[in-house]
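Data from entry07.cif: mmCIF, C-alpha atoms
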data_structure
loop_
_atom_site.label_atom_id
_atom_site.label_comp_id
_atom_site.auth_asym_id
_atom_site.auth_seq_id
_atom_site.Cartn_x
_atom_site.Cartn_y
_atom_site.Cartn_z
CA MET Z 1 -58.69 37.37 12.82
CA SER Z 2 -54.98 36.70 12.56
CA ALA Z 3 -54.00 33.54 10.68
CA GLY Z 4 -51.26 30.95 10.32
CA SER Z 5 -51.00 27.68 8.43
CA THR Z 6 -50.29 24.15 9.63
CA GLY Z 7 -50.20 21.68 6.74
CA ALA Z 8 -53.69 21.21 5.33
CA LEU Z 9 -55.14 23.06 8.29
CA SER Z 10 -55.51 26.78 8.87
CA VAL Z 11 -55.16 28.14 12.41
CA THR Z 12 -56.68 31.52 13.26
CA LEU Z 13 -57.07 33.60 16.40
CA CYS Z 14 -60.48 35.23 16.80
CA ARG Z 15 -60.55 38.43 18.89
CA ASP Z 16 -63.87 39.81 17.64
CA PRO Z 17 -66.92 38.98 19.81
CA ARG Z 18 -69.22 39.42 16.80
CA GLN Z 19 -67.33 36.78 14.85
CA PHE Z 20 -67.39 34.48 17.87
CA ALA Z 21 -71.18 34.95 18.10
CA ALA Z 22 -71.54 34.02 14.43
CA LEU Z 23 -69.79 30.67 14.97
CA GLU Z 24 -72.78 29.03 16.69
CA GLU Z 25 -73.68 26.48 14.01
CA PRO Z 26 -70.15 25.30 13.08
CA TRP Z 27 -69.17 25.35 16.76
CA ASN Z 28 -72.10 23.10 17.70
CA ARG Z 29 -71.22 20.69 14.88
CA LEU Z 30 -67.67 20.57 16.23
CA VAL Z 31 -68.91 19.87 19.78
CA ARG Z 32 -70.97 16.93 18.47
CA SER Z 33 -67.89 15.53 16.71
CA CYS Z 34 -65.69 15.78 19.82
CA PRO Z 35 -66.43 12.85 22.18
CA THR Z 36 -64.65 14.42 25.17
CA ALA Z 37 -66.64 17.67 25.05
CA THR Z 38 -68.72 18.53 28.11
CA PRO Z 39 -71.74 20.88 28.20
CA PHE Z 40 -69.42 23.70 29.24
CA GLN Z 41 -67.81 23.66 25.78
CA SER Z 42 -71.12 24.41 24.05
CA HIS Z 43 -71.39 27.69 22.18
CA ALA Z 44 -74.52 28.52 24.20
CA TRP Z 45 -72.62 28.36 27.49
CA LEU Z 46 -69.41 30.05 26.34
CA HIS Z 47 -70.93 32.88 24.33
CA SER Z 48 -73.48 33.64 27.05
CA TRP Z 49 -70.68 33.72 29.63
CA TRP Z 50 -68.73 36.15 27.46
CA LEU Z 51 -71.73 38.48 27.17
CA SER Z 52 -72.08 38.60 30.96
CA TYR Z 53 -68.46 38.41 32.10
CA GLY Z 54 -66.18 39.19 29.15
CA ARG Z 55 -64.08 42.33 28.89
CA GLU Z 56 -63.47 44.33 25.76
CA GLY Z 57 -60.27 43.45 23.94
CA ARG Z 58 -59.62 40.26 25.92
CA LEU Z 59 -61.22 37.57 23.72
CA ARG Z 60 -58.78 34.96 22.34
CA VAL Z 61 -60.46 32.03 20.58
CA LEU Z 62 -58.23 29.67 18.61
CA LEU Z 63 -59.90 28.15 15.56
CA VAL Z 64 -58.62 25.31 13.37
CA ARG Z 65 -60.22 24.79 9.97
CA ARG Z 66 -59.85 22.14 7.31
CA GLY Z 67 -60.88 24.04 4.23
CA ASP Z 68 -64.08 25.80 5.35
CA GLU Z 69 -64.90 23.26 8.06
CA LEU Z 70 -64.25 24.09 11.72
CA VAL Z 71 -62.40 21.06 13.16
CA GLY Z 72 -60.74 22.46 16.30
CA ALA Z 73 -61.14 25.27 18.83
CA ALA Z 74 -59.96 26.58 22.19
CA ALA Z 75 -62.05 29.30 23.87
CA LEU Z 76 -59.74 31.55 25.91
CA MET Z 77 -59.35 35.11 27.10
CA LEU Z 78 -56.47 37.31 28.22
CA VAL Z 79 -56.25 38.56 31.80
CA HIS Z 80 -53.54 40.66 33.43
CA ARG Z 81 -53.82 39.75 37.11
CA PRO Z 82 -51.83 38.55 38.93
CA LEU Z 83 -49.73 38.41 35.72
CA PRO Z 84 -50.49 38.08 31.98
CA LEU Z 85 -52.44 34.85 31.56
CA LEU Z 86 -54.48 33.12 28.87
CA VAL Z 87 -57.35 31.44 30.70
CA PRO Z 88 -60.48 29.55 29.60
CA LEU Z 89 -63.76 31.31 28.97
CA GLY Z 90 -66.21 30.36 31.67
CA GLY Z 91 -64.33 31.45 34.77
CA GLY Z 92 -65.17 30.17 38.23
CA ILE Z 93 -68.76 29.22 37.40
CA THR Z 94 -67.64 26.60 34.86
CA ASP Z 95 -66.93 23.08 36.07
CA TYR Z 96 -64.97 21.61 33.13
CA PHE Z 97 -62.64 23.03 30.47
CA ASP Z 98 -61.50 21.33 27.30
CA VAL Z 99 -60.29 22.16 23.83
CA LEU Z 100 -62.34 20.85 20.93
CA ALA Z 101 -60.93 18.51 18.28
CA ASP Z 102 -62.97 16.73 15.64
CA ALA Z 103 -62.43 13.00 16.30
CA ARG Z 104 -61.84 12.34 12.59
CA TYR Z 105 -58.82 14.64 12.45
CA ALA Z 106 -57.70 14.79 16.09
CA ASP Z 107 -54.17 13.56 15.31
CA GLU Z 108 -53.67 16.65 13.15
CA VAL Z 109 -55.88 19.13 15.00
CA VAL Z 110 -54.40 18.79 18.49
CA PRO Z 111 -50.80 19.55 17.39
CA ALA Z 112 -52.15 22.43 15.31
CA LEU Z 113 -53.93 23.83 18.38
CA ALA Z 114 -50.73 23.46 20.40
CA ARG Z 115 -48.72 25.38 17.82
CA GLY Z 116 -51.39 28.06 17.47
CA LEU Z 117 -51.57 28.45 21.24
CA HIS Z 118 -47.78 28.69 21.39
CA ARG Z 119 -47.95 31.69 19.05
CA ALA Z 120 -50.86 33.27 20.92
CA ALA Z 121 -49.09 32.90 24.30
CA ARG Z 122 -45.89 34.75 23.44
CA GLY Z 123 -46.36 37.25 26.26
CA ALA Z 124 -48.52 35.25 28.67
CA VAL Z 125 -48.68 32.02 30.64
CA VAL Z 126 -51.49 29.67 29.62
CA ASP Z 127 -53.48 28.54 32.68
CA LEU Z 128 -56.00 25.83 31.79
CA ARG Z 129 -58.13 25.02 34.83
CA GLU Z 130 -60.63 22.22 35.47
CA VAL Z 131 -59.46 19.81 32.77
CA ARG Z 132 -61.37 16.55 33.16
CA PRO Z 133 -59.28 13.34 32.94
CA GLY Z 134 -59.38 12.01 29.39
CA ALA Z 135 -60.00 15.46 27.90
CA ALA Z 136 -58.55 16.50 24.55
CA ALA Z 137 -56.56 19.13 26.44
CA GLU Z 138 -54.42 16.30 27.85
CA ARG Z 139 -53.17 15.62 24.32
CA LEU Z 140 -52.51 19.31 23.79
CA TYR Z 141 -50.42 19.29 26.97
CA ALA Z 142 -48.44 16.32 25.62
CA HIS Z 143 -47.71 18.21 22.38
CA TRP Z 144 -46.61 21.44 24.12
CA SER Z 145 -43.06 22.36 23.11
CA GLY Z 146 -42.27 24.90 25.84
CA ALA Z 147 -42.36 24.92 29.64
CA ARG Z 148 -45.27 23.08 31.26
CA THR Z 149 -46.58 21.93 34.64
CA ARG Z 150 -49.52 19.78 35.71
CA LEU Z 151 -51.33 20.44 39.01
CA ALA Z 152 -54.38 18.92 40.68
CA ASP Z 153 -57.56 20.98 40.56
CA SER Z 154 -61.13 20.49 41.82
CA THR Z 155 -62.58 17.20 42.99
CA CYS Z 156 -65.63 15.95 41.12
CA MET Z 157 -67.87 12.96 41.78
CA GLU Z 158 -69.62 10.75 39.25
CA LEU Z 159 -72.01 7.82 39.15
CA PRO Z 160 -72.59 5.36 36.31
CA ALA Z 161 -75.98 5.67 34.66
CA MET Z 162 -78.04 2.71 35.86
CA PRO Z 163 -81.49 2.03 37.26
CA PHE Z 164 -81.96 3.92 40.51
CA ASP Z 165 -82.56 0.72 42.48
CA GLU Z 166 -79.10 -0.42 41.40
CA LEU Z 167 -77.59 2.85 42.61
CA VAL Z 168 -79.26 2.35 45.97
CA LYS Z 169 -77.78 -1.15 46.21
CA ARG Z 170 -74.29 0.36 45.94
CA MET Z 171 -74.82 1.94 49.35
CA PRO Z 172 -74.26 0.27 52.73
CA LYS Z 173 -77.35 -1.69 53.78
CA ALA Z 174 -78.41 0.77 56.48
CA GLY Z 175 -77.98 3.74 54.12
CA ALA Z 176 -79.99 2.01 51.41
CA GLN Z 177 -82.84 1.39 53.84
CA ARG Z 178 -82.87 5.06 54.83
CA VAL Z 179 -82.98 6.15 51.19
CA ARG Z 180 -85.94 3.85 50.44
CA ALA Z 181 -87.77 5.17 53.50
CA LYS Z 182 -87.12 8.77 52.42
CA LEU Z 183 -88.41 8.08 48.93
CA ARG Z 184 -91.60 6.53 50.29
CA LYS Z 185 -92.22 9.74 52.25
CA THR Z 186 -91.36 11.85 49.21
CA ASP Z 187 -93.76 9.90 47.01
CA ALA Z 188 -96.44 10.12 49.66
CA ALA Z 189 -96.11 13.92 49.64
CA GLY Z 190 -97.32 13.92 46.02
CA ILE Z 191 -94.55 15.94 44.36
CA GLU Z 192 -94.95 16.25 40.59
CA GLU Z 193 -92.09 16.72 38.09
CA ARG Z 194 -92.30 18.91 35.01
CA GLU Z 195 -89.71 20.01 32.45
CA VAL Z 196 -89.73 23.67 31.50
CA THR Z 197 -90.07 24.78 27.88
CA GLU Z 198 -87.66 27.21 26.25
CA GLU Z 199 -90.17 30.07 26.53
CA GLU Z 200 -90.68 29.41 30.25
CA VAL Z 201 -86.96 29.42 31.13
CA PRO Z 202 -86.69 33.11 32.23
CA ARG Z 203 -89.53 32.74 34.73
CA ALA Z 204 -88.24 29.35 35.90
CA VAL Z 205 -84.68 30.59 36.45
CA ARG Z 206 -86.00 33.44 38.59
CA THR Z 207 -87.89 30.91 40.68
CA LEU Z 208 -84.87 28.61 40.94
CA LEU Z 209 -82.56 31.41 42.10
CA ARG Z 210 -85.13 32.60 44.63
CA LEU Z 211 -85.37 29.07 46.04
CA HIS Z 212 -81.59 28.69 45.94
CA GLU Z 213 -81.12 31.84 48.03
CA LYS Z 214 -83.81 30.73 50.46
CA GLN Z 215 -82.29 27.26 50.77
CA TRP Z 216 -78.81 28.62 51.59
CA ARG Z 217 -79.86 31.64 53.67
CA GLY Z 218 -77.70 31.82 56.78
CA ARG Z 219 -75.47 28.97 55.57
CA GLY Z 220 -73.10 30.81 53.25
CA VAL Z 221 -74.63 31.04 49.79
CA THR Z 222 -72.13 31.54 46.97
CA PRO Z 223 -72.37 35.31 46.39
CA GLU Z 224 -71.98 35.03 42.61
CA HIS Z 225 -75.15 32.97 42.35
CA LEU Z 226 -77.21 35.96 43.53
CA ARG Z 227 -75.68 38.60 41.27
CA PRO Z 228 -77.61 39.97 38.26
CA ARG Z 229 -74.87 39.01 35.80
CA PHE Z 230 -75.12 35.36 36.87
CA ALA Z 231 -78.90 35.39 36.52
CA GLU Z 232 -78.58 36.92 33.04
CA HIS Z 233 -76.02 34.33 32.00
CA LEU Z 234 -77.91 31.34 33.43
CA THR Z 235 -81.17 32.47 31.83
CA ARG Z 236 -79.63 33.09 28.41
CA ALA Z 237 -77.48 29.93 28.39
CA THR Z 238 -80.21 27.65 29.73
CA ARG Z 239 -82.72 28.93 27.22
CA ARG Z 240 -80.38 28.19 24.32
CA MET Z 241 -79.31 24.84 25.75
CA VAL Z 242 -82.91 23.72 26.29
CA ARG Z 243 -83.63 24.68 22.68
CA CYS Z 244 -80.87 22.47 21.24
CA GLY Z 245 -81.00 19.59 23.73
CA GLU Z 246 -77.89 20.56 25.70
CA GLY Z 247 -79.74 21.24 28.94
CA ARG Z 248 -83.01 21.01 30.79
CA LEU Z 249 -84.69 22.80 33.66
CA THR Z 250 -86.97 20.65 35.79
CA GLU Z 251 -89.50 21.97 38.29
CA PHE Z 252 -90.93 19.97 41.17
CA ARG Z 253 -94.38 21.05 42.29
CA LEU Z 254 -96.39 20.39 45.41
CA GLU Z 255 -100.07 21.34 45.36
CA GLY Z 256 -99.41 23.43 42.26
CA LYS Z 257 -96.53 25.41 43.81
CA VAL Z 258 -92.90 25.12 42.66
CA VAL Z 259 -90.95 23.82 45.66
CA ALA Z 260 -87.72 22.82 43.89
CA ALA Z 261 -86.03 23.41 40.53
CA ASN Z 262 -82.88 22.02 38.94
CA VAL Z 263 -80.75 22.95 35.93
CA THR Z 264 -79.05 19.98 34.27
CA LEU Z 265 -76.40 20.39 31.57
CA LEU Z 266 -76.02 17.64 28.97
CA SER Z 267 -73.45 16.24 26.59
CA ALA Z 268 -73.01 12.88 24.88
CA GLY Z 269 -70.77 11.70 27.71
CA LEU Z 270 -72.52 12.97 30.82
CA SER Z 271 -75.51 14.50 32.55
CA GLY Z 272 -74.47 17.09 35.14
CA GLY Z 273 -76.65 18.67 37.81
CA TYR Z 274 -75.45 22.28 37.72
CA LEU Z 275 -77.62 24.26 40.16
CA TYR Z 276 -80.77 23.66 42.12
CA GLY Z 277 -82.97 25.46 44.58
CA ALA Z 278 -85.39 24.00 47.08
CA ASP Z 279 -87.86 25.34 49.61
CA PRO Z 280 -86.50 24.65 53.12
CA GLY Z 281 -90.06 23.81 54.15
CA LEU Z 282 -89.67 20.46 52.35
CA ARG Z 283 -87.61 19.27 55.29
CA ASP Z 284 -90.70 19.56 57.49
CA LYS Z 285 -92.48 17.23 55.08
CA LYS Z 286 -89.59 14.71 55.30
CA VAL Z 287 -88.73 15.22 51.62
CA ASP Z 288 -85.07 14.52 50.83
CA VAL Z 289 -84.45 16.86 47.91
CA ALA Z 290 -81.00 15.50 46.97
CA THR Z 291 -82.38 11.97 46.64
CA LEU Z 292 -85.42 13.21 44.72
CA LEU Z 293 -83.20 15.03 42.22
CA LEU Z 294 -80.78 12.14 41.81
CA ARG Z 295 -83.57 9.65 41.13
CA HIS Z 296 -84.94 11.93 38.43
CA GLU Z 297 -81.54 12.60 36.83
CA ALA Z 298 -80.42 8.97 36.94
CA GLY Z 299 -83.61 7.89 35.20
CA ARG Z 300 -83.28 10.50 32.48
CA ALA Z 301 -79.59 9.79 31.87
CA LEU Z 302 -80.28 6.08 31.50
CA ALA Z 303 -83.19 6.69 29.11
CA GLU Z 304 -81.11 9.07 26.99
CA GLY Z 305 -78.05 6.81 26.83
CA ARG Z 306 -75.70 9.12 28.73
CA PRO Z 307 -73.14 6.95 30.54
CA VAL Z 308 -72.37 9.22 33.50
CA VAL Z 309 -74.40 11.15 36.06
CA SER Z 310 -72.05 13.82 37.37
CA PHE Z 311 -72.36 15.74 40.63
CA LEU Z 312 -69.83 18.14 39.03
CA ARG Z 313 -67.41 19.91 41.35
CA GLY Z 314 -67.40 19.50 45.09
CA SER Z 315 -66.99 16.68 47.61
CA GLU Z 316 -69.91 17.44 49.90
CA PRO Z 317 -70.71 14.63 52.38
CA TYR Z 318 -74.16 13.87 50.93
CA LYS Z 319 -72.52 12.84 47.65
CA ASN Z 320 -70.33 10.26 49.35
CA HIS Z 321 -73.37 8.28 50.50
CA TRP Z 322 -73.75 7.00 46.94
CA ARG Z 323 -70.18 5.69 46.69
CA PRO Z 324 -69.39 7.73 43.59
CA GLU Z 325 -66.21 7.62 41.58
CA VAL Z 326 -63.93 10.44 42.67
CA VAL Z 327 -62.48 12.28 39.68
CA VAL Z 328 -59.87 14.99 40.18
CA ASN Z 329 -59.67 17.68 37.54
CA GLN Z 330 -56.28 18.86 36.32
CA ARG Z 331 -54.72 22.29 35.91
CA PHE Z 332 -52.22 22.75 33.06
CA LEU Z 333 -49.74 25.62 33.08
CA LEU Z 334 -48.04 26.23 29.72
CA ALA Z 335 -45.58 28.85 28.51
CA THR Z 336 -42.98 29.45 25.85
CA THR Z 337 -39.46 28.54 26.88
CA ALA Z 338 -38.61 32.23 27.22
CA LEU Z 339 -41.43 32.66 29.76
CA ALA Z 340 -40.51 29.61 31.86
CA PRO Z 341 -39.50 31.79 34.85
CA LEU Z 342 -42.93 33.46 34.77
CA LEU Z 343 -44.61 30.05 34.73
CA ARG Z 344 -42.57 28.93 37.76
CA LEU Z 345 -43.51 32.14 39.58
CA HIS Z 346 -47.19 31.55 38.88
CA GLU Z 347 -46.90 27.92 39.97
CA SER Z 348 -45.24 28.90 43.26
CA GLN Z 349 -47.97 31.45 43.95
CA LEU Z 350 -50.67 28.84 43.34
CA THR Z 351 -49.07 26.12 45.47
CA GLY Z 352 -48.27 28.59 48.24
CA ARG Z 353 -51.86 29.76 48.31
CA GLU Z 354 -53.09 26.16 48.45
CA ARG Z 355 -50.79 25.32 51.35
CA ALA Z 356 -52.00 28.39 53.23
CA VAL Z 357 -55.64 27.38 52.74
CA GLU Z 358 -54.97 23.83 53.95
CA ALA Z 359 -53.09 25.11 56.97
CA LEU Z 360 -55.98 27.40 57.84
CA ARG Z 361 -58.47 24.54 57.59
CA GLU Z 362 -56.40 22.34 59.89
CA SER Z 363 -55.64 24.99 62.49
CA LEU Z 364 -59.04 26.70 62.49
CA PRO Z 365 -61.92 24.24 62.18
CA ALA Z 366 -64.30 27.20 62.44
CA ALA Z 367 -62.87 28.79 59.27
CA ARG Z 368 -65.70 27.36 57.15
CA ASP Z 369 -68.31 28.92 59.44
CA TRP Z 370 -66.58 32.28 59.25
CA ARG Z 371 -66.45 32.03 55.46
CA ALA Z 372 -70.17 31.27 55.39
CA ARG Z 373 -70.89 34.33 57.52
CA LEU Z 374 -68.66 36.48 55.34
CA ASN Z 375 -70.46 35.30 52.20
CA GLU Z 376 -73.80 36.08 53.82
CA LEU Z 377 -72.66 39.62 54.61
CA ARG Z 378 -71.38 40.09 51.06
CA VAL Z 379 -74.74 39.02 49.67
CA ARG Z 380 -76.59 41.46 51.93
#
Is it possible to express this structure as structure tokens?
Amino acid sequence: MSAGSTGALSVTLCRDPRQFAALEEPWNRLVRSCPTATPFQSHAWLHSWWLSYGREGRLRVLLVRRGDELVGAAALMLVHRPLPLLVPLGGGITDYFDVLADARYADEVVPALARGLHRAARGAVVDLREVRPGAAAERLYAHWSGARTRLADSTCMELPAMPFDELVKRMPKAGAQRVRAKLRKTDAAGIEEREVTEEEVPRAVRTLLRLHEKQWRGRGVTPEHLRPRFAEHLTRATRRMVRCGEGRLTEFRLEGKVVAANVTLLSAGLSGGYLYGADPGLRDKKVDVATLLLRHEAGRALAEGRPVVSFLRGSEPYKNHWRPEVVVNQRFLLATTALAPLLRLHESQLTGRERAVEALRESLPAARDWRARLNELRVR
């Protein structure tokens, strides 16, 4: 580790994966003391992701200590394409990024993180994707002393935790009636819910991914979800998160057979449905899986005192039926003053790519179908 000093705080840069692995207990204490942290800042998620996706020599984890106590952190890695960048651990399979700052010392920790990141980014642009509004990273952005730019990132949708009947009442009258009718048919089918234990997670993840592939077959499954490295990561991370109360895996059984399964990631501030799989045959039984899952998750979130039920990223039409709050993540680009031209180059590449994608969507309505077919071919 390389070190610097900021007042009463020490700021270090961890590049050793073994030292990062050894931080589990202090890291988890820090997560619990940071009210803006999401499940994707847990050590279980980040370290598991590194084991499956990390590359030797690229780890860059900023650590802020007050004496021997870990009070701040930013989990990053160095990449070289399309140019030198410091990016969050977690990559494209992670829905939210944030830095961690102990709430007791946040006024000192966030500026210390900004200064430490300034030193670490001497030869690279910092590209912080998927920053949730209200995150601690917003304060880091405000303290940045070099060049900086804020862009919009993914759209997320959230519901307040409340009794499910109250969620149904938020819908238009006709939609609410349809939901109640669907639930009556679902209940009549006799589906049973069961949470998986830590020891059962490997078997349950295999089942979930099999159902997920079956559910999306012919409709453009995300190729990464079917790769061995993703299965390894999801199994390892879920097992650890179930153990320490940061996640759960729920199975839904019909006549003793698992017909749906759902991984939910948990933090003090939210409950997020991360990935599910369902047998397409449930449609023949008039079972609405999305409504079944939401009823279960809303009930658990309310019982556990979590204020938000998050659909996480994506603005799929079925989510809009519930009149959720639309939350747009942010993307922060940061660089030293000397690297401002590199930041502007990166920004222009990103905005140009986004304009091209939007133009394609408008001019070719069939583009989504072609992408689905391409994904299917890549999976095969």
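Excluding region 182-185 of chain Z itself and same-chain residues fewer than 3 positions from it, the residues having an atom within 12 Å of it are Phe164, Asp165, Val168, Gly175, Ala176, Gln177, Arg178, Val179, Ala188, Ala189, Gly190, Ile191, Leu282, Arg283, Asp284, Lys285, Lys286, Val287, Asp288, Val289, Ala290, Thr291, Leu292, Leu293, Leu294, Arg295 and His296 of chain Z, counting all atoms listed in the file.
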Excluding Phe97 (chain Z) and its own-chain neighbours fewer than 6 positions away, which residues fall within 9 Å of it when counting all atoms listed in the file? Please give them as a list of chain:residue names. Z:Ala37, Z:Thr38, Z:Phe40, Z:Gln41, Z:Pro88, Z:Leu89, Z:Gly90, Z:Leu128, Z:Arg129, Z:Glu130, Z:Val131, Z:Arg132, Z:Ala135, Z:Ala137
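The spacing separating CA of Met162 (chain Z) from CA of Ser33 (chain Z) amounts to 25.2 Å.
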Counting all atoms listed in the file, which residues come within 12 Å of (-54.3, 39.9, 26.5), with the point read in the file's coordinates, and could you list them as number ranges by chain? Z: 15, 55-61, 76-81, 83-87, 120-126
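In this comparison, which uses only C-alpha atoms, the residue of Z:Leu208, Z:Val11, Z:Ala147, Z:Val308 approaching Arg344 (chain Z) most closely is Z:Ala147.
Residue nearest Met241 (chain Z), chosen from Z:Glu354, Z:Glu198, Z:Glu25, Z:Asp279 and counting all atoms listed in the file: Z:Glu198.
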